[in-house]
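Coordinates from final.cif are shown below (mmCIF, N, CA and C atoms).
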```cif
data_coords
loop_
_atom_site.label_atom_id
_atom_site.label_comp_id
_atom_site.auth_asym_id
_atom_site.auth_seq_id
_atom_site.Cartn_x
_atom_site.Cartn_y
_atom_site.Cartn_z
N MET A 1 93.17 45.93 266.32
CA MET A 1 92.97 47.37 266.30
C MET A 1 94.19 48.04 265.70
N LYS A 2 93.98 49.23 265.24
CA LYS A 2 95.06 50.03 264.67
C LYS A 2 94.94 51.44 265.24
N ALA A 3 96.09 51.99 265.59
CA ALA A 3 96.13 53.38 266.06
C ALA A 3 96.79 54.23 264.98
N LYS A 4 96.19 55.39 264.75
CA LYS A 4 96.75 56.36 263.80
C LYS A 4 97.24 57.54 264.62
N VAL A 5 98.52 57.86 264.48
CA VAL A 5 99.15 58.91 265.27
C VAL A 5 99.60 60.02 264.34
N HIS A 6 99.17 61.24 264.64
CA HIS A 6 99.61 62.44 263.91
C HIS A 6 100.48 63.26 264.86
N ILE A 7 101.68 63.58 264.41
CA ILE A 7 102.61 64.35 265.22
C ILE A 7 102.97 65.62 264.45
N THR A 8 102.82 66.76 265.12
CA THR A 8 103.12 68.04 264.49
C THR A 8 103.97 68.88 265.43
N LEU A 9 104.73 69.79 264.86
CA LEU A 9 105.52 70.71 265.68
C LEU A 9 104.58 71.69 266.38
N LYS A 10 104.93 72.06 267.59
CA LYS A 10 104.15 73.05 268.33
C LYS A 10 104.31 74.41 267.65
N ASN A 11 103.32 75.28 267.85
CA ASN A 11 103.41 76.64 267.31
C ASN A 11 104.64 77.32 267.89
N GLY A 12 105.33 78.07 267.06
CA GLY A 12 106.51 78.79 267.50
C GLY A 12 107.81 78.03 267.32
N VAL A 13 107.72 76.73 267.04
CA VAL A 13 108.93 75.93 266.80
C VAL A 13 109.31 76.07 265.33
N LEU A 14 110.55 76.41 265.07
CA LEU A 14 111.00 76.57 263.68
C LEU A 14 110.89 75.23 262.94
N ASP A 15 110.48 75.32 261.67
CA ASP A 15 110.29 74.12 260.86
C ASP A 15 111.05 74.29 259.54
N PRO A 16 112.35 74.00 259.53
CA PRO A 16 113.13 74.20 258.31
C PRO A 16 112.67 73.31 257.15
N GLN A 17 112.20 72.09 257.44
CA GLN A 17 111.70 71.23 256.36
C GLN A 17 110.44 71.84 255.75
N GLY A 18 109.54 72.33 256.58
CA GLY A 18 108.33 72.97 256.08
C GLY A 18 108.66 74.19 255.24
N LYS A 19 109.64 74.96 255.69
CA LYS A 19 110.06 76.16 254.94
C LYS A 19 110.64 75.77 253.59
N ALA A 20 111.42 74.69 253.53
CA ALA A 20 112.00 74.23 252.27
C ALA A 20 110.90 73.78 251.30
N VAL A 21 109.90 73.07 251.82
CA VAL A 21 108.78 72.64 250.98
C VAL A 21 108.00 73.86 250.48
N GLU A 22 107.79 74.83 251.35
CA GLU A 22 107.08 76.06 250.96
C GLU A 22 107.81 76.76 249.81
N HIS A 23 109.12 76.91 249.93
CA HIS A 23 109.89 77.56 248.86
C HIS A 23 109.85 76.75 247.56
N ALA A 24 109.92 75.43 247.68
CA ALA A 24 109.86 74.58 246.49
C ALA A 24 108.51 74.71 245.80
N LEU A 25 107.44 74.73 246.58
CA LEU A 25 106.11 74.88 245.98
C LEU A 25 105.96 76.22 245.27
N LYS A 26 106.46 77.26 245.90
CA LYS A 26 106.40 78.58 245.26
C LYS A 26 107.23 78.59 243.98
N GLY A 27 108.38 77.89 243.99
CA GLY A 27 109.22 77.78 242.80
C GLY A 27 108.55 77.02 241.67
N LEU A 28 107.60 76.14 242.04
CA LEU A 28 106.84 75.39 241.03
C LEU A 28 105.61 76.15 240.55
N GLY A 29 105.44 77.38 241.05
CA GLY A 29 104.33 78.20 240.58
C GLY A 29 103.09 78.19 241.47
N PHE A 30 103.16 77.57 242.63
CA PHE A 30 102.02 77.57 243.55
C PHE A 30 102.13 78.80 244.45
N ASP A 31 101.69 79.95 243.90
CA ASP A 31 101.87 81.23 244.57
C ASP A 31 100.95 81.42 245.78
N GLY A 32 99.87 80.66 245.88
CA GLY A 32 98.92 80.84 246.96
C GLY A 32 99.33 80.18 248.27
N VAL A 33 100.52 79.62 248.34
CA VAL A 33 100.96 78.93 249.55
C VAL A 33 101.46 79.97 250.55
N GLY A 34 100.85 79.98 251.73
CA GLY A 34 101.22 80.96 252.74
C GLY A 34 102.12 80.39 253.82
N GLY A 35 102.21 79.09 253.91
CA GLY A 35 103.05 78.48 254.93
C GLY A 35 102.88 76.97 254.91
N VAL A 36 103.94 76.27 255.21
CA VAL A 36 103.90 74.81 255.25
C VAL A 36 104.54 74.36 256.55
N ARG A 37 103.88 73.43 257.24
CA ARG A 37 104.43 72.80 258.43
C ARG A 37 104.50 71.31 258.16
N GLN A 38 105.60 70.70 258.47
CA GLN A 38 105.78 69.28 258.24
C GLN A 38 105.56 68.52 259.54
N GLY A 39 105.00 67.32 259.41
CA GLY A 39 104.77 66.48 260.58
C GLY A 39 105.05 65.02 260.26
N LYS A 40 104.60 64.15 261.15
CA LYS A 40 104.78 62.71 260.98
C LYS A 40 103.44 62.01 261.14
N TYR A 41 103.29 60.90 260.46
CA TYR A 41 102.12 60.04 260.59
C TYR A 41 102.62 58.63 260.85
N ILE A 42 102.13 58.02 261.92
CA ILE A 42 102.58 56.67 262.29
C ILE A 42 101.35 55.81 262.53
N GLU A 43 101.36 54.59 262.00
CA GLU A 43 100.32 53.61 262.29
C GLU A 43 100.90 52.53 263.18
N VAL A 44 100.16 52.17 264.22
CA VAL A 44 100.59 51.14 265.15
C VAL A 44 99.52 50.06 265.18
N ASP A 45 99.87 48.84 264.78
CA ASP A 45 98.93 47.72 264.85
C ASP A 45 98.95 47.15 266.27
N LEU A 46 97.77 46.89 266.79
CA LEU A 46 97.62 46.32 268.13
C LEU A 46 96.70 45.10 268.03
N PRO A 47 97.18 44.00 267.44
CA PRO A 47 96.32 42.85 267.16
C PRO A 47 95.78 42.15 268.41
N GLN A 48 96.47 42.25 269.53
CA GLN A 48 96.02 41.57 270.74
C GLN A 48 95.04 42.41 271.56
N GLN A 49 95.01 43.70 271.30
CA GLN A 49 94.19 44.61 272.12
C GLN A 49 92.73 44.60 271.66
N LYS A 50 91.82 44.44 272.60
CA LYS A 50 90.38 44.44 272.31
C LYS A 50 89.68 45.66 272.89
N ASP A 51 90.30 46.32 273.86
CA ASP A 51 89.71 47.47 274.55
C ASP A 51 90.22 48.75 273.89
N LYS A 52 89.30 49.50 273.26
CA LYS A 52 89.68 50.70 272.51
C LYS A 52 90.31 51.77 273.42
N ALA A 53 89.74 51.96 274.61
CA ALA A 53 90.26 52.97 275.53
C ALA A 53 91.66 52.59 276.00
N LYS A 54 91.88 51.33 276.29
CA LYS A 54 93.21 50.86 276.72
C LYS A 54 94.21 51.00 275.58
N ALA A 55 93.78 50.69 274.36
CA ALA A 55 94.65 50.84 273.20
C ALA A 55 95.09 52.29 273.04
N LYS A 56 94.15 53.21 273.17
CA LYS A 56 94.48 54.63 273.03
C LYS A 56 95.45 55.06 274.13
N ALA A 57 95.19 54.63 275.37
CA ALA A 57 96.07 54.98 276.48
C ALA A 57 97.48 54.43 276.25
N ASP A 58 97.56 53.20 275.76
CA ASP A 58 98.87 52.59 275.50
C ASP A 58 99.64 53.37 274.44
N VAL A 59 98.96 53.74 273.36
CA VAL A 59 99.65 54.46 272.28
C VAL A 59 100.03 55.87 272.73
N GLU A 60 99.19 56.51 273.53
CA GLU A 60 99.57 57.82 274.07
C GLU A 60 100.82 57.70 274.92
N SER A 61 100.92 56.62 275.68
CA SER A 61 102.13 56.37 276.48
C SER A 61 103.34 56.16 275.57
N MET A 62 103.13 55.43 274.45
CA MET A 62 104.21 55.24 273.48
C MET A 62 104.68 56.58 272.92
N CYS A 63 103.73 57.47 272.65
CA CYS A 63 104.08 58.79 272.11
C CYS A 63 104.91 59.58 273.11
N LYS A 64 104.48 59.56 274.36
CA LYS A 64 105.20 60.32 275.40
C LYS A 64 106.59 59.74 275.66
N SER A 65 106.72 58.43 275.48
CA SER A 65 108.00 57.77 275.77
C SER A 65 108.97 57.78 274.60
N LEU A 66 108.45 57.67 273.36
CA LEU A 66 109.36 57.47 272.22
C LEU A 66 108.93 58.17 270.94
N LEU A 67 107.69 58.05 270.56
CA LEU A 67 107.28 58.45 269.21
C LEU A 67 107.29 59.96 268.98
N ALA A 68 107.01 60.74 270.02
CA ALA A 68 106.97 62.20 269.88
C ALA A 68 107.92 62.85 270.88
N ASN A 69 108.51 63.95 270.47
CA ASN A 69 109.30 64.77 271.38
C ASN A 69 108.34 65.81 271.95
N THR A 70 107.80 65.54 273.13
CA THR A 70 106.72 66.37 273.67
C THR A 70 107.17 67.78 274.06
N VAL A 71 108.47 68.03 274.04
CA VAL A 71 108.95 69.39 274.30
C VAL A 71 108.61 70.29 273.11
N ILE A 72 108.71 69.75 271.90
CA ILE A 72 108.50 70.58 270.71
C ILE A 72 107.38 70.07 269.80
N GLU A 73 106.78 68.92 270.14
CA GLU A 73 105.76 68.34 269.26
C GLU A 73 104.46 68.06 270.01
N ASN A 74 103.36 68.21 269.29
CA ASN A 74 102.04 67.78 269.75
C ASN A 74 101.71 66.47 269.02
N PHE A 75 100.82 65.69 269.62
CA PHE A 75 100.39 64.47 268.95
C PHE A 75 98.90 64.23 269.22
N SER A 76 98.29 63.51 268.29
CA SER A 76 96.90 63.07 268.48
C SER A 76 96.83 61.60 268.07
N VAL A 77 95.98 60.87 268.77
CA VAL A 77 95.85 59.43 268.54
C VAL A 77 94.40 59.11 268.22
N GLU A 78 94.18 58.35 267.16
CA GLU A 78 92.87 57.84 266.79
C GLU A 78 92.98 56.32 266.70
N VAL A 79 92.08 55.63 267.40
CA VAL A 79 92.09 54.17 267.37
C VAL A 79 90.89 53.70 266.56
N VAL A 80 91.14 52.79 265.61
CA VAL A 80 90.09 52.25 264.76
C VAL A 80 90.11 50.72 264.86
N ASP A 81 88.96 50.13 264.68
CA ASP A 81 88.86 48.66 264.73
C ASP A 81 89.45 48.02 263.51
#
```
Write-out of the structure in structure tokens:
Amino acid sequence: MKAKVHITLKNGVLDPQGKAVEHALKGLGFDGVGGVRQGKYIEVDLPQQKDKAKAKADVESMCKSLLANTVIENFSVEVVD
């Protein structure tokens, strides 16, 4: 199994990287850009896991413990076979 993890900053948290990308895009002529937020994408292989619900619970625990800073970030986990 493989877990796909998307991590994004919570609303209201300043995103200087997103702001830099937004300015760069506008500098390249993409005037329709109203805002950019940057996040992270992580794939976790779970070759021994056969139970999809257990795999999701394990990866959510990984996110809470290490992968995401839950004070300022949200995360979502999708498990695929």
Apply the PyMOL selection byres (((chain A and resi 13 and name CA) around 12) and name CA) to the file shown and report the selected residues as an mmCIF file with N, CA and C atoms, keeping the file's coordinate frame.
```
data_model
loop_
_atom_site.group_PDB
_atom_site.id
_atom_site.type_symbol
_atom_site.label_atom_id
_atom_site.label_comp_id
_atom_site.auth_asym_id
_atom_site.auth_seq_id
_atom_site.Cartn_x
_atom_site.Cartn_y
_atom_site.Cartn_z
ATOM 1 N N THR A 8 102.820 66.760 265.120
ATOM 2 C CA THR A 8 103.120 68.040 264.490
ATOM 3 C C THR A 8 103.970 68.880 265.430
ATOM 4 N N LEU A 9 104.730 69.790 264.860
ATOM 5 C CA LEU A 9 105.520 70.710 265.680
ATOM 6 C C LEU A 9 104.580 71.690 266.380
ATOM 7 N N LYS A 10 104.930 72.060 267.590
ATOM 8 C CA LYS A 10 104.150 73.050 268.330
ATOM 9 C C LYS A 10 104.310 74.410 267.650
ATOM 10 N N ASN A 11 103.320 75.280 267.850
ATOM 11 C CA ASN A 11 103.410 76.640 267.310
ATOM 12 C C ASN A 11 104.640 77.320 267.890
ATOM 13 N N GLY A 12 105.330 78.070 267.060
ATOM 14 C CA GLY A 12 106.510 78.790 267.500
ATOM 15 C C GLY A 12 107.810 78.030 267.320
ATOM 16 N N LEU A 14 110.550 76.410 265.070
ATOM 17 C CA LEU A 14 111.000 76.570 263.680
ATOM 18 C C LEU A 14 110.890 75.230 262.940
ATOM 19 N N ASP A 15 110.480 75.320 261.670
ATOM 20 C CA ASP A 15 110.290 74.120 260.860
ATOM 21 C C ASP A 15 111.050 74.290 259.540
ATOM 22 N N PRO A 16 112.350 74.000 259.530
ATOM 23 C CA PRO A 16 113.130 74.200 258.310
ATOM 24 C C PRO A 16 112.670 73.310 257.150
ATOM 25 N N GLN A 17 112.200 72.090 257.440
ATOM 26 C CA GLN A 17 111.700 71.230 256.360
ATOM 27 C C GLN A 17 110.440 71.840 255.750
ATOM 28 N N GLY A 18 109.540 72.330 256.580
ATOM 29 C CA GLY A 18 108.330 72.970 256.080
ATOM 30 C C GLY A 18 108.660 74.190 255.240
ATOM 31 N N LYS A 19 109.640 74.960 255.690
ATOM 32 C CA LYS A 19 110.060 76.160 254.940
ATOM 33 C C LYS A 19 110.640 75.770 253.590
ATOM 34 N N ARG A 37 103.880 73.430 257.240
ATOM 35 C CA ARG A 37 104.430 72.800 258.430
ATOM 36 C C ARG A 37 104.500 71.310 258.160
ATOM 37 N N GLN A 38 105.600 70.700 258.470
ATOM 38 C CA GLN A 38 105.780 69.280 258.240
ATOM 39 C C GLN A 38 105.560 68.520 259.540
ATOM 40 N N THR A 70 107.800 65.540 273.130
ATOM 41 C CA THR A 70 106.720 66.370 273.670
ATOM 42 C C THR A 70 107.170 67.780 274.060
ATOM 43 N N VAL A 71 108.470 68.030 274.040
ATOM 44 C CA VAL A 71 108.950 69.390 274.300
ATOM 45 C C VAL A 71 108.610 70.290 273.110
ATOM 46 N N ILE A 72 108.710 69.750 271.900
ATOM 47 C CA ILE A 72 108.500 70.580 270.710
ATOM 48 C C ILE A 72 107.380 70.070 269.800
ATOM 49 N N GLU A 73 106.780 68.920 270.140
ATOM 50 C CA GLU A 73 105.760 68.340 269.260
ATOM 51 C C GLU A 73 104.460 68.060 270.010
ATOM 52 N N ASN A 74 103.360 68.210 269.290
ATOM 53 C CA ASN A 74 102.040 67.780 269.750
ATOM 54 C C ASN A 74 101.710 66.470 269.020
#
```
Residue contacts of A:Leu46 (8 Å, only C-alpha atoms) excluding same-chain residues fewer than 4 positions away, as a ChimeraX atom specification: /A:1-3,55
Strand (DSSP E or B) call set, DSSP backbone run, chain A, as an MDAnalysis selection string: chainID A and resid 2:9 39:45 73:80
Atom-to-atom span, atom CA of A:Gly34 and atom N of A:Lys4, Å: 28.7 Å
Selection: 12 Å around A:Ala53, only C-alpha atoms, excl. self and same-chain fewer than 2 positions, as a list in words: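 That gives Met1, Ala3, Gln49, Lys50, Asp51, Ala55, Lys56, Ala57, Asp58, Val59, Glu60, Val77, Glu78, Val79, Val80 and Asp81 of chain A.
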Between atom CA of A:Lys40 and atom C of A:Ile7 - distance in Å to one decimal: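 These atoms are spaced 4.9 Å apart.
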Residues of chain A in helix (DSSP H, G or I), written as a ChimeraX atom specification: /A:16-27,52-67
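Within the file as shown, the PyMOL selection byres ((chain A and resi 43) around 6) identifies Ala3, Lys4, Val5, Tyr41, Ile42, Val44 and Asp45 of chain A.
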Computed interatomic separation between atom C of A:Gly35 and atom C of A:Cys63 (Å):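 These atoms are spaced 25.3 Å apart.
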